[in-house]
$ cat structure.pdb   # PDB, C-alpha atoms and all ligand atoms
ATOM      1  CA  MET Q   1     -45.854  96.634  23.110
ATOM      2  CA  HIS Q   2     -42.304  97.983  22.970
ATOM      3  CA  VAL Q   3     -40.032  97.988  26.010
ATOM      4  CA  SER Q   4     -36.947 100.137  26.294
ATOM      5  CA  VAL Q   5     -34.410 101.139  28.922
ATOM      6  CA  ASP Q   6     -32.809 104.543  29.256
ATOM      7  CA  ARG Q   7     -29.242 103.559  29.971
ATOM      8  CA  ASP Q   8     -28.444 107.077  31.131
ATOM      9  CA  LEU Q   9     -30.881 106.566  34.031
ATOM     10  CA  CYS Q  10     -30.051 102.937  34.827
ATOM     11  CA  THR Q  11     -27.790 102.580  37.841
ATOM     12  CA  GLY Q  12     -27.626  98.792  37.829
ATOM     13  CA  HIS Q  13     -29.771  97.843  40.812
ATOM     14  CA  GLY Q  14     -30.728  94.696  38.945
ATOM     15  CA  ARG Q  15     -34.345  94.522  40.003
ATOM     16  CA  CYS Q  16     -35.576  94.348  36.437
ATOM     17  CA  TYR Q  17     -33.532  91.351  35.356
ATOM     18  CA  VAL Q  18     -34.167  89.510  38.612
ATOM     19  CA  LEU Q  19     -37.928  90.022  38.349
ATOM     20  CA  GLY Q  20     -38.175  89.808  34.553
ATOM     21  CA  PRO Q  21     -35.354  87.536  33.406
ATOM     22  CA  ASP Q  22     -36.964  86.682  30.072
ATOM     23  CA  VAL Q  23     -37.133  90.353  29.063
ATOM     24  CA  PHE Q  24     -34.161  91.973  30.786
ATOM     25  CA  ASP Q  25     -30.539  90.978  31.216
ATOM     26  CA  ALA Q  26     -27.401  92.481  32.701
ATOM     27  CA  ASP Q  27     -24.390  93.672  30.776
ATOM     28  CA  GLU Q  28     -20.886  92.951  32.047
ATOM     29  CA  SER Q  29     -21.170  95.881  34.476
ATOM     30  CA  GLY Q  30     -24.594  94.974  35.848
ATOM     31  CA  TYR Q  31     -26.558  97.548  33.884
ATOM     32  CA  CYS Q  32     -29.765  96.570  32.191
ATOM     33  CA  VAL Q  33     -30.048  95.475  28.598
ATOM     34  CA  VAL Q  34     -33.329  94.533  26.945
ATOM     35  CA  LYS Q  35     -33.329  90.971  25.618
ATOM     36  CA  VAL Q  36     -36.754  91.134  23.958
ATOM     37  CA  SER Q  37     -38.060  94.551  22.996
ATOM     38  CA  GLU Q  38     -41.397  93.544  21.439
ATOM     39  CA  VAL Q  39     -43.476  91.917  24.178
ATOM     40  CA  ASP Q  40     -46.947  90.610  24.854
ATOM     41  CA  GLY Q  41     -48.528  88.052  27.179
ATOM     42  CA  ASP Q  42     -46.179  86.763  29.864
ATOM     43  CA  LEU Q  43     -43.280  88.828  28.523
ATOM     44  CA  LEU Q  44     -45.343  91.998  28.736
ATOM     45  CA  GLU Q  45     -46.163  91.146  32.338
ATOM     46  CA  GLN Q  46     -42.474  90.702  33.104
ATOM     47  CA  ALA Q  47     -41.735  94.010  31.406
ATOM     48  CA  ARG Q  48     -44.397  95.742  33.519
ATOM     49  CA  ILE Q  49     -43.065  94.209  36.730
ATOM     50  CA  GLY Q  50     -39.576  95.383  35.820
ATOM     51  CA  MET Q  51     -40.811  98.872  34.985
ATOM     52  CA  ASN Q  52     -42.805  99.142  38.194
ATOM     53  CA  ASN Q  53     -39.850  98.040  40.303
ATOM     54  CA  CYS Q  54     -37.133 100.132  38.710
ATOM     55  CA  PRO Q  55     -36.085 102.738  41.291
ATOM     56  CA  GLU Q  56     -34.699 105.012  38.587
ATOM     57  CA  ASP Q  57     -37.800 105.006  36.367
ATOM     58  CA  ALA Q  58     -35.513 103.931  33.536
ATOM     59  CA  ILE Q  59     -37.866 101.440  31.859
ATOM     60  CA  LYS Q  60     -40.599 102.514  29.459
ATOM     61  CA  ILE Q  61     -43.322 100.523  27.727
ATOM     62  CA  SER Q  62     -45.046 102.077  24.751
TER      63      SER Q  62
HETATM   64  S1  LIG Y   1     -34.105  98.080  37.805
HETATM   65 FE1  LIG Y   1     -33.803  99.995  36.683
HETATM   66  S2  LIG Y   1     -31.913 100.846  37.478
HETATM   67 FE2  LIG Y   1     -31.993  98.690  38.038
HETATM   68  S3  LIG Y   1     -30.869  97.574  36.424
HETATM   69 FE3  LIG Y   1     -33.040  97.583  35.899
HETATM   70  S4  LIG Y   1     -33.284  99.412  34.582
HETATM   71 FE4  LIG Y   1     -31.370  99.629  35.687
END
$ encode --input "structure.pdb" --output "C-alpha cells"
Amino acid sequence: MHVSVDRDLCTGHGRCYVLGPDVFDADESGYCVVKVSEVDGDLLEQARIGMNNCPEDAIKIS
C-alpha cells in the first residue's frame, strides 16, 4: 500500500509522527513528511493510525 501526505492540508499538529514514528516524520517546521511510502504489516498499521488521527484529513493510503 502507498501512503502519502498532502502538504497543502497538513498544519503540523504532529499526531501522525507521534503515533506512527516509523512511517511519518517532521520537517524542520513540524510539518509531516513520509519516511516510508510503501507499507505493509506493522508499517501499514502505523500509516492507518496516522491517517485516522490526522485532523486535516491530509494522509491518504492507496
Ligand atoms: S497529523 Fe495531519 S496535520 Fe498533523 S502533522 Fe500529521 S499530516 Fe500534518
$ resolve_selection --input "structure.pdb" --expression "the PyMOL selection byres (((chain Q and resi 20) around 8) and not hetatm)" --output "count of residues only"
13
$ closest_residue --input "structure.pdb" --among "Q:Ala26, Q:Cys54, Q:Val34, Q:Leu44" --to "Ser4 in chain Q" --atoms "all atoms listed in the file"
Q:Val34
$ residues_near_ligand --input "structure.pdb" --ligand "ligand LIG 1 (chain Y)" --cutoff "8 Å" --atoms "all atoms listed in the file" --output "ChimeraX atom specification"
/Q:5-7,9-17,24,26,30-33,50-51,53-59
$ axis_aligned_box --input "structure.pdb" --around "range 6-22 of chain Q" --padding-each-side "5 Å" --output "JSON"
{"center_x": -32.9, "center_y": 96.9, "center_z": 35.0, "size_x": 20.5, "size_y": 30.4, "size_z": 21.6}
$ atom_distance --input "structure.pdb" --atom1 "CA of Met1 in chain Q" --atom2 "CA of Ser29 in chain Q"
27.2 Å
$ atom_distance --input "structure.pdb" --atom1 "CA of Val3 in chain Q" --atom2 "CA of Glu28 in chain Q"
20.7 Å
$ decode --input "structure.pdb" --residues "chain Q" --atoms "C-alpha atoms" --output "PDB file, in the first residue's frame"
ATOM      1  CA  MET Q   1       0.000   0.000   0.000  1.00  0.00           C
ATOM      2  CA  HIS Q   2       1.157   3.545  -0.736  1.00  0.00           C
ATOM      3  CA  VAL Q   3       0.958   6.306   1.860  1.00  0.00           C
ATOM      4  CA  SER Q   4       1.111   9.975   1.005  1.00  0.00           C
ATOM      5  CA  VAL Q   5       0.591  13.317   2.711  1.00  0.00           C
ATOM      6  CA  ASP Q   6      -0.955  16.380   1.133  1.00  0.00           C
ATOM      7  CA  ARG Q   7       1.362  19.061   2.416  1.00  0.00           C
ATOM      8  CA  ASP Q   8      -1.113  21.755   1.426  1.00  0.00           C
ATOM      9  CA  LEU Q   9      -3.542  20.335   4.013  1.00  0.00           C
ATOM     10  CA  CYS Q  10      -1.025  19.499   6.745  1.00  0.00           C
ATOM     11  CA  THR Q  11      -0.974  22.070   9.523  1.00  0.00           C
ATOM     12  CA  GLY Q  12       1.666  20.373  11.651  1.00  0.00           C
ATOM     13  CA  HIS Q  13      -0.346  19.007  14.564  1.00  0.00           C
ATOM     14  CA  GLY Q  14       2.132  16.156  14.756  1.00  0.00           C
ATOM     15  CA  ARG Q  15      -0.295  13.389  15.586  1.00  0.00           C
ATOM     16  CA  CYS Q  16       0.856  11.254  12.692  1.00  0.00           C
ATOM     17  CA  TYR Q  17       4.538  11.184  13.565  1.00  0.00           C
ATOM     18  CA  VAL Q  18       3.842  10.715  17.265  1.00  0.00           C
ATOM     19  CA  LEU Q  19       1.513   7.777  16.613  1.00  0.00           C
ATOM     20  CA  GLY Q  20       3.355   6.369  13.590  1.00  0.00           C
ATOM     21  CA  PRO Q  21       7.020   7.272  14.031  1.00  0.00           C
ATOM     22  CA  ASP Q  22       8.302   4.562  11.696  1.00  0.00           C
ATOM     23  CA  VAL Q  23       6.232   5.902   8.791  1.00  0.00           C
ATOM     24  CA  PHE Q  24       5.981   9.640   9.417  1.00  0.00           C
ATOM     25  CA  ASP Q  25       8.474  12.277  10.475  1.00  0.00           C
ATOM     26  CA  ALA Q  26       8.509  16.027  10.978  1.00  0.00           C
ATOM     27  CA  ASP Q  27      10.332  18.532   8.835  1.00  0.00           C
ATOM     28  CA  GLU Q  28      12.169  21.448  10.427  1.00  0.00           C
ATOM     29  CA  SER Q  29       8.868  23.332  10.772  1.00  0.00           C
ATOM     30  CA  GLY Q  30       6.889  20.463  12.282  1.00  0.00           C
ATOM     31  CA  TYR Q  31       5.009  19.512   9.135  1.00  0.00           C
ATOM     32  CA  CYS Q  32       4.684  15.899   8.163  1.00  0.00           C
ATOM     33  CA  VAL Q  33       6.999  14.095   5.801  1.00  0.00           C
ATOM     34  CA  VAL Q  34       6.588  10.449   4.838  1.00  0.00           C
ATOM     35  CA  LYS Q  35       9.621   8.346   5.747  1.00  0.00           C
ATOM     36  CA  VAL Q  36       8.391   5.113   4.151  1.00  0.00           C
ATOM     37  CA  SER Q  37       5.830   5.404   1.382  1.00  0.00           C
ATOM     38  CA  GLU Q  38       5.385   1.708   0.534  1.00  0.00           C
ATOM     39  CA  VAL Q  39       3.985  -0.001   3.629  1.00  0.00           C
ATOM     40  CA  ASP Q  40       2.585  -3.305   4.788  1.00  0.00           C
ATOM     41  CA  GLY Q  41       2.289  -5.172   8.085  1.00  0.00           C
ATOM     42  CA  ASP Q  42       3.173  -3.075  11.119  1.00  0.00           C
ATOM     43  CA  LEU Q  43       4.064  -0.070   8.963  1.00  0.00           C
ATOM     44  CA  LEU Q  44       0.676  -0.184   7.274  1.00  0.00           C
ATOM     45  CA  GLU Q  45      -0.956  -0.229  10.696  1.00  0.00           C
ATOM     46  CA  GLN Q  46       1.043   2.828  11.723  1.00  0.00           C
ATOM     47  CA  ALA Q  47       0.060   4.543   8.487  1.00  0.00           C
ATOM     48  CA  ARG Q  48      -3.621   3.791   9.154  1.00  0.00           C
ATOM     49  CA  ILE Q  49      -3.398   5.083  12.720  1.00  0.00           C
ATOM     50  CA  GLY Q  50      -1.786   8.269  11.443  1.00  0.00           C
ATOM     51  CA  MET Q  51      -4.417   8.690   8.743  1.00  0.00           C
ATOM     52  CA  ASN Q  52      -7.271   8.103  11.162  1.00  0.00           C
ATOM     53  CA  ASN Q  53      -5.892  10.625  13.639  1.00  0.00           C
ATOM     54  CA  CYS Q  54      -4.999  13.419  11.252  1.00  0.00           C
ATOM     55  CA  PRO Q  55      -7.409  16.290  11.958  1.00  0.00           C
ATOM     56  CA  GLU Q  56      -6.848  17.750   8.500  1.00  0.00           C
ATOM     57  CA  ASP Q  57      -7.511  14.540   6.549  1.00  0.00           C
ATOM     58  CA  ALA Q  58      -4.135  15.091   4.905  1.00  0.00           C
ATOM     59  CA  ILE Q  59      -2.973  11.457   4.831  1.00  0.00           C
ATOM     60  CA  LYS Q  60      -4.067   9.022   2.139  1.00  0.00           C
ATOM     61  CA  ILE Q  61      -3.422   5.308   1.723  1.00  0.00           C
ATOM     62  CA  SER Q  62      -3.993   3.770  -1.677  1.00  0.00           C
TER      63      SER Q  62
END
